[in-house]
file my_file.pdb (PDB, C-alpha atoms)
ATOM      1  CA  MET L   1      17.496 -63.562  44.422
ATOM      2  CA  ASN L   2      20.803 -64.928  45.661
ATOM      3  CA  ALA L   3      22.246 -65.032  42.157
ATOM      4  CA  ARG L   4      20.984 -61.674  40.887
ATOM      5  CA  ALA L   5      20.447 -59.254  43.749
ATOM      6  CA  LEU L   6      20.689 -58.646  47.462
ATOM      7  CA  ASN L   7      22.662 -61.848  47.995
ATOM      8  CA  LYS L   8      24.016 -60.796  51.403
ATOM      9  CA  ILE L   9      20.602 -59.816  52.678
ATOM     10  CA  SER L  10      18.764 -62.777  51.195
ATOM     11  CA  THR L  11      21.103 -65.542  52.408
ATOM     12  CA  ASN L  12      18.940 -66.333  55.424
ATOM     13  CA  LEU L  13      15.717 -65.045  53.936
ATOM     14  CA  VAL L  14      12.657 -67.274  54.183
ATOM     15  CA  ILE L  15       9.993 -66.668  51.548
ATOM     16  CA  LYS L  16       6.512 -67.451  52.845
ATOM     17  CA  PRO L  17       3.165 -67.343  51.053
ATOM     18  CA  ALA L  18       1.144 -64.189  51.743
ATOM     19  CA  SER L  19      -1.636 -64.834  54.258
ATOM     20  CA  PHE L  20      -4.044 -62.911  52.022
ATOM     21  CA  GLY L  21      -2.964 -65.041  49.035
ATOM     22  CA  MET L  22      -3.997 -63.546  45.711
ATOM     23  CA  LYS L  23      -5.752 -60.741  47.577
ATOM     24  CA  ALA L  24      -2.526 -59.467  49.199
ATOM     25  CA  ALA L  25      -2.040 -56.577  46.760
ATOM     26  CA  VAL L  26      -5.625 -55.367  46.901
ATOM     27  CA  MET L  27      -5.716 -55.629  50.712
ATOM     28  CA  GLY L  28      -2.491 -53.602  50.764
ATOM     29  CA  ALA L  29      -4.273 -50.956  48.677
ATOM     30  CA  VAL L  30      -7.185 -50.965  51.149
ATOM     31  CA  SER L  31      -4.834 -50.742  54.146
ATOM     32  CA  LEU L  32      -3.131 -47.686  52.602
ATOM     33  CA  ILE L  33      -6.395 -45.773  52.842
ATOM     34  CA  LEU L  34      -7.268 -47.167  56.290
ATOM     35  CA  SER L  35      -3.860 -46.058  57.542
ATOM     36  CA  GLU L  36      -4.470 -42.549  56.126
ATOM     37  CA  VAL L  37      -7.845 -42.382  57.877
ATOM     38  CA  VAL L  38      -6.814 -43.642  61.335
ATOM     39  CA  ASN L  39      -3.742 -41.384  61.311
ATOM     40  CA  PHE L  40      -5.842 -38.396  60.129
ATOM     41  CA  ASN L  41      -3.522 -37.662  57.210
ATOM     42  CA  HIS L  42      -6.571 -37.079  54.986
ATOM     43  CA  GLU L  43      -7.521 -34.063  57.150
ATOM     44  CA  ALA L  44      -4.122 -32.442  56.618
ATOM     45  CA  ARG L  45      -4.516 -32.842  52.868
ATOM     46  CA  SER L  46      -8.028 -31.428  52.682
ATOM     47  CA  ALA L  47      -7.172 -28.464  55.005
TER      48      ALA L  47
ATOM     49  CA  MET G   1      23.591 -25.607  52.233
ATOM     50  CA  ARG G   2      23.087 -28.752  54.250
ATOM     51  CA  PRO G   3      19.411 -29.663  54.638
ATOM     52  CA  SER G   4      18.197 -29.222  58.196
ATOM     53  CA  ILE G   5      17.140 -32.391  59.993
ATOM     54  CA  HIS G   6      14.424 -30.288  61.594
ATOM     55  CA  SER G   7      12.688 -29.678  58.276
ATOM     56  CA  ALA G   8      11.283 -33.229  58.369
ATOM     57  CA  THR G   9      10.021 -33.029  61.936
ATOM     58  CA  PRO G  10       6.373 -32.174  62.452
ATOM     59  CA  PRO G  11       5.406 -28.872  64.086
ATOM     60  CA  ARG G  12       4.980 -28.995  67.864
ATOM     61  CA  ASN G  13       1.825 -26.964  68.149
ATOM     62  CA  ALA G  14      -1.670 -27.382  69.572
ATOM     63  CA  ARG G  15      -3.057 -28.711  66.289
ATOM     64  CA  TYR G  16      -0.356 -31.391  66.106
ATOM     65  CA  ILE G  17      -0.893 -32.428  69.745
ATOM     66  CA  ASN G  18      -4.629 -32.601  69.071
ATOM     67  CA  LYS G  19      -3.972 -34.853  66.066
ATOM     68  CA  LEU G  20      -1.816 -37.195  68.185
ATOM     69  CA  ASN G  21      -4.538 -37.327  70.849
ATOM     70  CA  LYS G  22      -7.168 -38.097  68.193
ATOM     71  CA  ILE G  23      -5.020 -40.926  66.825
ATOM     72  CA  ALA G  24      -4.562 -42.324  70.354
ATOM     73  CA  VAL G  25      -8.291 -42.143  71.169
ATOM     74  CA  LEU G  26      -9.383 -43.612  67.822
ATOM     75  CA  ASN G  27      -6.909 -46.495  68.103
ATOM     76  CA  LEU G  28      -8.040 -47.224  71.660
ATOM     77  CA  ILE G  29     -11.669 -47.358  70.531
ATOM     78  CA  ARG G  30     -10.686 -49.590  67.580
ATOM     79  CA  LYS G  31      -8.775 -52.043  69.752
ATOM     80  CA  THR G  32     -10.993 -51.949  72.855
ATOM     81  CA  LYS G  33     -14.402 -52.612  71.362
ATOM     82  CA  ASN G  34     -17.431 -51.283  73.285
ATOM     83  CA  VAL G  35     -15.642 -48.793  75.491
ATOM     84  CA  SER G  36     -16.951 -45.797  77.437
ATOM     85  CA  ARG G  37     -15.539 -42.269  77.403
ATOM     86  CA  ALA G  38     -14.403 -42.704  81.032
ATOM     87  CA  GLU G  39     -12.512 -45.896  80.151
ATOM     88  CA  VAL G  40     -10.868 -44.153  77.174
ATOM     89  CA  ALA G  41      -9.768 -41.338  79.492
ATOM     90  CA  LYS G  42      -8.365 -43.844  81.996
ATOM     91  CA  LEU G  43      -6.547 -45.924  79.366
ATOM     92  CA  SER G  44      -5.175 -42.969  77.396
ATOM     93  CA  GLY G  45      -4.219 -40.766  80.350
ATOM     94  CA  LEU G  46      -6.073 -37.841  78.733
ATOM     95  CA  SER G  47      -8.496 -35.692  80.709
ATOM     96  CA  ALA G  48     -12.211 -36.497  80.554
ATOM     97  CA  PRO G  49     -13.111 -33.170  78.815
ATOM     98  CA  THR G  50     -10.374 -33.753  76.185
ATOM     99  CA  VAL G  51     -11.655 -37.285  75.509
ATOM    100  CA  SER G  52     -15.258 -36.035  75.286
ATOM    101  CA  ARG G  53     -14.272 -33.322  72.779
ATOM    102  CA  ILE G  54     -12.251 -35.753  70.641
ATOM    103  CA  VAL G  55     -15.021 -38.367  70.743
ATOM    104  CA  GLU G  56     -17.558 -35.756  69.581
ATOM    105  CA  ASP G  57     -15.214 -34.896  66.673
ATOM    106  CA  LEU G  58     -14.848 -38.600  65.807
ATOM    107  CA  ILE G  59     -18.623 -39.124  65.911
ATOM    108  CA  LYS G  60     -19.133 -36.086  63.642
ATOM    109  CA  ALA G  61     -16.478 -37.482  61.263
ATOM    110  CA  GLY G  62     -18.399 -40.782  61.165
ATOM    111  CA  LEU G  63     -15.469 -42.791  62.521
ATOM    112  CA  VAL G  64     -17.010 -43.657  65.893
ATOM    113  CA  ARG G  65     -20.604 -44.351  66.911
ATOM    114  CA  GLU G  66     -22.476 -44.679  70.175
ATOM    115  CA  ILE G  67     -23.908 -48.184  70.550
ATOM    116  CA  GLY G  68     -25.952 -47.864  73.749
ATOM    117  CA  ALA G  69     -25.560 -47.932  77.506
ATOM    118  CA  GLY G  70     -23.060 -50.164  79.301
ATOM    119  CA  ALA G  71     -23.131 -51.648  82.800
ATOM    120  CA  SER G  72     -23.313 -49.178  85.667
ATOM    121  CA  GLN G  73     -20.306 -48.872  87.981
ATOM    122  CA  GLY G  74     -22.503 -47.417  90.682
ATOM    123  CA  GLY G  75     -23.620 -44.221  88.981
ATOM    124  CA  ARG G  76     -25.146 -43.336  85.637
ATOM    125  CA  ARG G  77     -24.812 -46.030  82.973
ATOM    126  CA  PRO G  78     -22.013 -45.047  80.558
ATOM    127  CA  THR G  79     -22.594 -44.724  76.813
ATOM    128  CA  LEU G  80     -20.454 -47.250  74.956
ATOM    129  CA  LEU G  81     -18.470 -46.322  71.859
ATOM    130  CA  ARG G  82     -17.451 -48.401  68.899
ATOM    131  CA  PHE G  83     -15.299 -47.869  65.810
ATOM    132  CA  SER G  84     -17.544 -47.509  62.734
ATOM    133  CA  ASP G  85     -15.871 -50.302  60.810
ATOM    134  CA  GLN G  86     -19.002 -51.399  58.959
ATOM    135  CA  ASN G  87     -20.353 -47.956  58.064
ATOM    136  CA  ASN G  88     -17.291 -46.750  56.199
ATOM    137  CA  PHE G  89     -15.930 -48.230  53.023
ATOM    138  CA  ILE G  90     -12.704 -48.199  51.047
ATOM    139  CA  ILE G  91     -12.114 -49.155  47.429
ATOM    140  CA  GLY G  92      -8.940 -51.113  46.718
ATOM    141  CA  VAL G  93      -7.644 -51.797  43.221
ATOM    142  CA  ASP G  94      -4.877 -54.199  42.224
ATOM    143  CA  LEU G  95      -3.789 -53.011  38.778
ATOM    144  CA  GLY G  96      -1.874 -56.058  37.574
ATOM    145  CA  THR G  97      -0.517 -56.952  34.176
ATOM    146  CA  THR G  98      -2.955 -59.885  33.827
ATOM    147  CA  ASN G  99      -6.030 -58.708  35.735
ATOM    148  CA  ILE G 100      -7.479 -55.573  37.259
ATOM    149  CA  TYR G 101      -9.009 -56.583  40.579
ATOM    150  CA  GLY G 102     -11.160 -54.107  42.475
ATOM    151  CA  VAL G 103     -12.840 -54.551  45.863
ATOM    152  CA  LEU G 104     -15.238 -52.614  48.027
ATOM    153  CA  SER G 105     -14.149 -53.215  51.625
ATOM    154  CA  ASP G 106     -15.327 -52.053  55.021
ATOM    155  CA  PHE G 107     -12.894 -50.742  57.668
ATOM    156  CA  ASP G 108     -12.621 -54.275  59.055
ATOM    157  CA  ALA G 109     -11.086 -55.408  55.715
ATOM    158  CA  LYS G 110     -14.194 -57.445  54.928
ATOM    159  CA  ILE G 111     -14.770 -57.564  51.174
ATOM    160  CA  ILE G 112     -18.329 -56.473  50.329
ATOM    161  CA  ALA G 113     -18.090 -56.558  46.525
ATOM    162  CA  GLU G 114     -15.377 -57.498  44.038
ATOM    163  CA  ILE G 115     -14.824 -57.171  40.298
ATOM    164  CA  ARG G 116     -12.045 -58.801  38.289
ATOM    165  CA  ARG G 117     -11.393 -58.124  34.585
ATOM    166  CA  PRO G 118      -8.501 -58.899  32.234
ATOM    167  CA  THR G 119      -6.113 -55.944  32.004
ATOM    168  CA  GLN G 120      -5.565 -56.257  28.235
ATOM    169  CA  VAL G 121      -2.291 -54.346  28.281
ATOM    170  CA  GLU G 122      -2.049 -54.785  24.502
ATOM    171  CA  ALA G 123      -5.127 -52.539  24.056
ATOM    172  CA  GLY G 124      -3.113 -49.558  25.330
ATOM    173  CA  PHE G 125      -2.819 -47.309  28.341
ATOM    174  CA  ALA G 126      -6.088 -45.409  27.811
ATOM    175  CA  HIS G 127      -8.005 -48.705  27.653
ATOM    176  CA  VAL G 128      -6.415 -49.934  30.918
ATOM    177  CA  MET G 129      -7.258 -46.649  32.637
ATOM    178  CA  LYS G 130     -10.845 -46.763  31.349
ATOM    179  CA  SER G 131     -11.265 -50.358  32.581
ATOM    180  CA  THR G 132      -9.873 -49.364  35.991
ATOM    181  CA  ALA G 133     -12.161 -46.339  36.208
ATOM    182  CA  ASP G 134     -15.152 -48.471  35.117
ATOM    183  CA  ILE G 135     -14.434 -50.990  37.902
ATOM    184  CA  ILE G 136     -14.219 -48.165  40.471
ATOM    185  CA  SER G 137     -17.472 -46.631  39.170
ATOM    186  CA  GLU G 138     -19.242 -50.008  39.325
ATOM    187  CA  LEU G 139     -18.060 -50.616  42.909
ATOM    188  CA  ILE G 140     -19.327 -47.160  43.923
ATOM    189  CA  ALA G 141     -22.640 -47.923  42.184
ATOM    190  CA  THR G 142     -23.272 -51.138  44.169
ATOM    191  CA  PRO G 143     -26.196 -50.796  46.639
ATOM    192  CA  LEU G 144     -23.887 -50.608  49.699
ATOM    193  CA  GLY G 145     -21.370 -48.420  47.870
ATOM    194  CA  ARG G 146     -24.119 -45.862  47.187
ATOM    195  CA  LYS G 147     -25.472 -46.068  50.733
ATOM    196  CA  LYS G 148     -22.241 -45.917  52.746
ATOM    197  CA  ARG G 149     -19.395 -43.449  52.889
ATOM    198  CA  ILE G 150     -16.352 -44.254  50.751
ATOM    199  CA  PHE G 151     -13.277 -42.752  52.372
ATOM    200  CA  GLY G 152     -10.815 -43.307  49.556
ATOM    201  CA  ILE G 153      -9.452 -45.395  46.728
ATOM    202  CA  GLY G 154      -6.150 -47.236  47.187
ATOM    203  CA  MET G 155      -4.262 -48.706  44.265
ATOM    204  CA  ALA G 156      -1.595 -51.372  44.060
ATOM    205  CA  VAL G 157       0.323 -51.019  40.799
ATOM    206  CA  ALA G 158       2.871 -53.377  39.256
ATOM    207  CA  GLY G 159       5.723 -50.983  38.609
ATOM    208  CA  LEU G 160       7.408 -47.908  39.990
ATOM    209  CA  ILE G 161       5.446 -44.980  41.396
ATOM    210  CA  ASN G 162       6.691 -41.413  41.415
ATOM    211  CA  ILE G 163       5.749 -40.432  44.962
ATOM    212  CA  PHE G 164       6.552 -36.786  44.260
ATOM    213  CA  SER G 165       3.775 -36.608  41.693
ATOM    214  CA  PRO G 166       0.653 -38.283  43.130
ATOM    215  CA  GLU G 167      -1.130 -38.097  39.785
ATOM    216  CA  ALA G 168       1.595 -39.867  37.843
ATOM    217  CA  VAL G 169       1.775 -43.625  37.609
ATOM    218  CA  VAL G 170       4.753 -45.265  35.959
ATOM    219  CA  ILE G 171       3.791 -48.338  33.987
ATOM    220  CA  GLY G 172       6.215 -50.222  31.793
ATOM    221  CA  GLY G 173       8.690 -47.344  31.798
ATOM    222  CA  GLY G 174       6.227 -44.728  30.507
ATOM    223  CA  VAL G 175       4.806 -41.991  32.690
ATOM    224  CA  ALA G 176       1.146 -41.147  32.269
ATOM    225  CA  GLN G 177      -1.280 -38.929  34.088
ATOM    226  CA  ALA G 178      -3.332 -41.812  35.408
ATOM    227  CA  GLY G 179      -4.732 -39.890  38.353
ATOM    228  CA  ASN G 180      -6.521 -37.300  36.226
ATOM    229  CA  ILE G 181      -8.054 -39.908  33.931
ATOM    230  CA  LEU G 182      -9.325 -41.983  36.860
ATOM    231  CA  PHE G 183     -10.679 -39.120  38.918
ATOM    232  CA  ASP G 184     -12.403 -37.500  35.931
ATOM    233  CA  LYS G 185     -14.112 -40.818  35.201
ATOM    234  CA  VAL G 186     -15.123 -41.418  38.825
ATOM    235  CA  ARG G 187     -16.535 -37.882  39.181
TER     236      ARG G 187
END

call {"tool": "encode", "arguments": {"input": "my_file.pdb", "output": "structure tokens"}}
result
Amino acid sequence: MNARALNKISTNLVIKPASFGMKAAVMGAVSLILSEVVNFNHEARSA
Amino acid sequence: MRPSIHSATPPRNARYINKLNKIAVLNLIRKTKNVSRAEVAKLSGLSAPTVSRIVEDLIKAGLVREIGAGASQGGRRPTLLRFSDQNNFIIGVDLGTTNIYGVLSDFDAKIIAEIRRPTQVEAGFAHVMKSTADIISELIATPLGRKKRIFGIGMAVAGLINIFSPEAVVIGGGVAQAGNILFDKVR
């Protein structure tokens, strides 16, 4: 990342393993929907 | 003409205020497990009738349930409320270049069922979409998936997404109408 992109931003960047591991992406997909539900955005769309 | 900064701000009307109050009440019930209507009113600063009306809406929507009577504070025992995290499900799909990984999850992010299949990108876009739709259909067809309410399907995709066209997914530089294919299959 330092060599190819965002070198100023990534100088002090620490890369840590995702706490969900290999399930991080799928849990992100689930949280997208949960966020829509608890913020009632789905109601605005279906109205 | 310069775009107005006000165009992005939400409308300040009764419906919007009601939505904010619903969000506040639902989040309080989520975070404060086993809570009464009176406690929600006290914690949120909303009036008791407003909380009661919102709670009735949330119960009707299946997001909150009554779980029984709590301890008396001197008068009638209050009815306790709880977020319906185990009665509502979400499907999540990680559409990766190696595997398609689908899960059926409750609102507490507990995975109830999972399916993982090779993506087989070399078989073409239609094949990948069919595999994804099959996984979603199979998760819906699981005993709990059939029994419970599925609020939505979230997808994580390796690549760029055109957010202005919710039905279009950009994979490997090509744009395809993934949404239509998936939803037709799921229906």

call {"tool": "resolve_selection", "arguments": {"input": "my_file.pdb", "expression": "the ChimeraX specification (/G :<9) & /L", "output": "list in words"}}
result
Lys23, Ala25, Val26, Met27, Gly28, Ala29, Val30, Ser31, Leu32, Ile33, Leu34, Val37, Val38, Asn39 and Phe40 of chain L

call {"tool": "atom_distance", "arguments": {"input": "my_file.pdb", "atom1": "atom CA of G:Lys42", "atom2": "atom CA of L:Ser35"}}
result
25.0 Å

call {"tool": "atom_distance", "arguments": {"input": "my_file.pdb", "atom1": "atom CA of G:Asn13", "atom2": "atom CA of G:Glu39"}}
result
26.6 Å

call {"tool": "atom_distance", "arguments": {"input": "my_file.pdb", "atom1": "atom CA of G:Ile115", "atom2": "atom CA of L:Glu36"}}
result
23.9 Å

call {"tool": "resolve_selection", "arguments": {"input": "my_file.pdb", "expression": "the PyMOL selection byres ((chain G and resi 70-87) around 8)", "output": "MDAnalysis selection string"}}
result
chainID G and resid 26 29:30 33:38 62:69 88:89 106:108 148:149

call {"tool": "build_atoms", "arguments": {"input": "my_file.pdb", "residues": "stretch 103-121 of chain G", "atoms": "N, CA and C atoms", "output": "PDB file, in the coordinates of the input"}}
result
ATOM      1  N   VAL G 103     -11.958 -54.119  44.771  1.00  0.00           N
ATOM      2  CA  VAL G 103     -12.840 -54.551  45.863  1.00  0.00           C
ATOM      3  C   VAL G 103     -13.420 -53.342  46.581  1.00  0.00           C
ATOM      4  N   LEU G 104     -14.632 -53.564  47.100  1.00  0.00           N
ATOM      5  CA  LEU G 104     -15.238 -52.614  48.027  1.00  0.00           C
ATOM      6  C   LEU G 104     -15.130 -53.270  49.397  1.00  0.00           C
ATOM      7  N   SER G 105     -14.426 -52.608  50.317  1.00  0.00           N
ATOM      8  CA  SER G 105     -14.149 -53.215  51.625  1.00  0.00           C
ATOM      9  C   SER G 105     -14.623 -52.294  52.736  1.00  0.00           C
ATOM     10  N   ASP G 106     -15.044 -52.895  53.860  1.00  0.00           N
ATOM     11  CA  ASP G 106     -15.327 -52.053  55.021  1.00  0.00           C
ATOM     12  C   ASP G 106     -14.031 -51.818  55.797  1.00  0.00           C
ATOM     13  N   PHE G 107     -14.102 -51.074  56.902  1.00  0.00           N
ATOM     14  CA  PHE G 107     -12.894 -50.742  57.668  1.00  0.00           C
ATOM     15  C   PHE G 107     -12.344 -51.952  58.416  1.00  0.00           C
ATOM     16  N   ASP G 108     -13.092 -53.058  58.415  1.00  0.00           N
ATOM     17  CA  ASP G 108     -12.621 -54.275  59.055  1.00  0.00           C
ATOM     18  C   ASP G 108     -11.979 -55.207  58.017  1.00  0.00           C
ATOM     19  N   ALA G 109     -11.687 -54.675  56.838  1.00  0.00           N
ATOM     20  CA  ALA G 109     -11.086 -55.408  55.715  1.00  0.00           C
ATOM     21  C   ALA G 109     -11.960 -56.556  55.227  1.00  0.00           C
ATOM     22  N   LYS G 110     -13.267 -56.438  55.448  1.00  0.00           N
ATOM     23  CA  LYS G 110     -14.194 -57.445  54.928  1.00  0.00           C
ATOM     24  C   LYS G 110     -14.620 -57.013  53.524  1.00  0.00           C
ATOM     25  N   ILE G 111     -14.446 -57.912  52.560  1.00  0.00           N
ATOM     26  CA  ILE G 111     -14.770 -57.564  51.174  1.00  0.00           C
ATOM     27  C   ILE G 111     -16.278 -57.668  50.953  1.00  0.00           C
ATOM     28  N   ILE G 112     -16.880 -56.557  50.526  1.00  0.00           N
ATOM     29  CA  ILE G 112     -18.329 -56.473  50.329  1.00  0.00           C
ATOM     30  C   ILE G 112     -18.674 -56.783  48.869  1.00  0.00           C
ATOM     31  N   ALA G 113     -17.855 -56.306  47.955  1.00  0.00           N
ATOM     32  CA  ALA G 113     -18.090 -56.558  46.525  1.00  0.00           C
ATOM     33  C   ALA G 113     -16.734 -56.621  45.832  1.00  0.00           C
ATOM     34  N   GLU G 114     -16.651 -57.394  44.770  1.00  0.00           N
ATOM     35  CA  GLU G 114     -15.377 -57.498  44.038  1.00  0.00           C
ATOM     36  C   GLU G 114     -15.629 -57.643  42.541  1.00  0.00           C
ATOM     37  N   ILE G 115     -14.727 -57.082  41.766  1.00  0.00           N
ATOM     38  CA  ILE G 115     -14.824 -57.171  40.298  1.00  0.00           C
ATOM     39  C   ILE G 115     -13.424 -57.484  39.780  1.00  0.00           C
ATOM     40  N   ARG G 116     -13.346 -58.463  38.891  1.00  0.00           N
ATOM     41  CA  ARG G 116     -12.045 -58.801  38.289  1.00  0.00           C
ATOM     42  C   ARG G 116     -12.213 -58.837  36.763  1.00  0.00           C
ATOM     43  N   ARG G 117     -11.359 -58.127  36.058  1.00  0.00           N
ATOM     44  CA  ARG G 117     -11.393 -58.124  34.585  1.00  0.00           C
ATOM     45  C   ARG G 117      -9.977 -58.252  34.046  1.00  0.00           C
ATOM     46  N   PRO G 118      -9.834 -58.849  32.850  1.00  0.00           N
ATOM     47  CA  PRO G 118      -8.501 -58.899  32.234  1.00  0.00           C
ATOM     48  C   PRO G 118      -7.976 -57.481  31.962  1.00  0.00           C
ATOM     49  N   THR G 119      -6.689 -57.281  32.185  1.00  0.00           N
ATOM     50  CA  THR G 119      -6.113 -55.944  32.004  1.00  0.00           C
ATOM     51  C   THR G 119      -6.043 -55.554  30.523  1.00  0.00           C
ATOM     52  N   GLN G 120      -5.715 -56.500  29.682  1.00  0.00           N
ATOM     53  CA  GLN G 120      -5.565 -56.257  28.235  1.00  0.00           C
ATOM     54  C   GLN G 120      -4.566 -55.121  27.975  1.00  0.00           C
ATOM     55  N   VAL G 121      -3.353 -55.343  28.449  1.00  0.00           N
ATOM     56  CA  VAL G 121      -2.291 -54.346  28.281  1.00  0.00           C
ATOM     57  C   VAL G 121      -2.100 -53.989  26.805  1.00  0.00           C
TER      58      VAL G 121
END
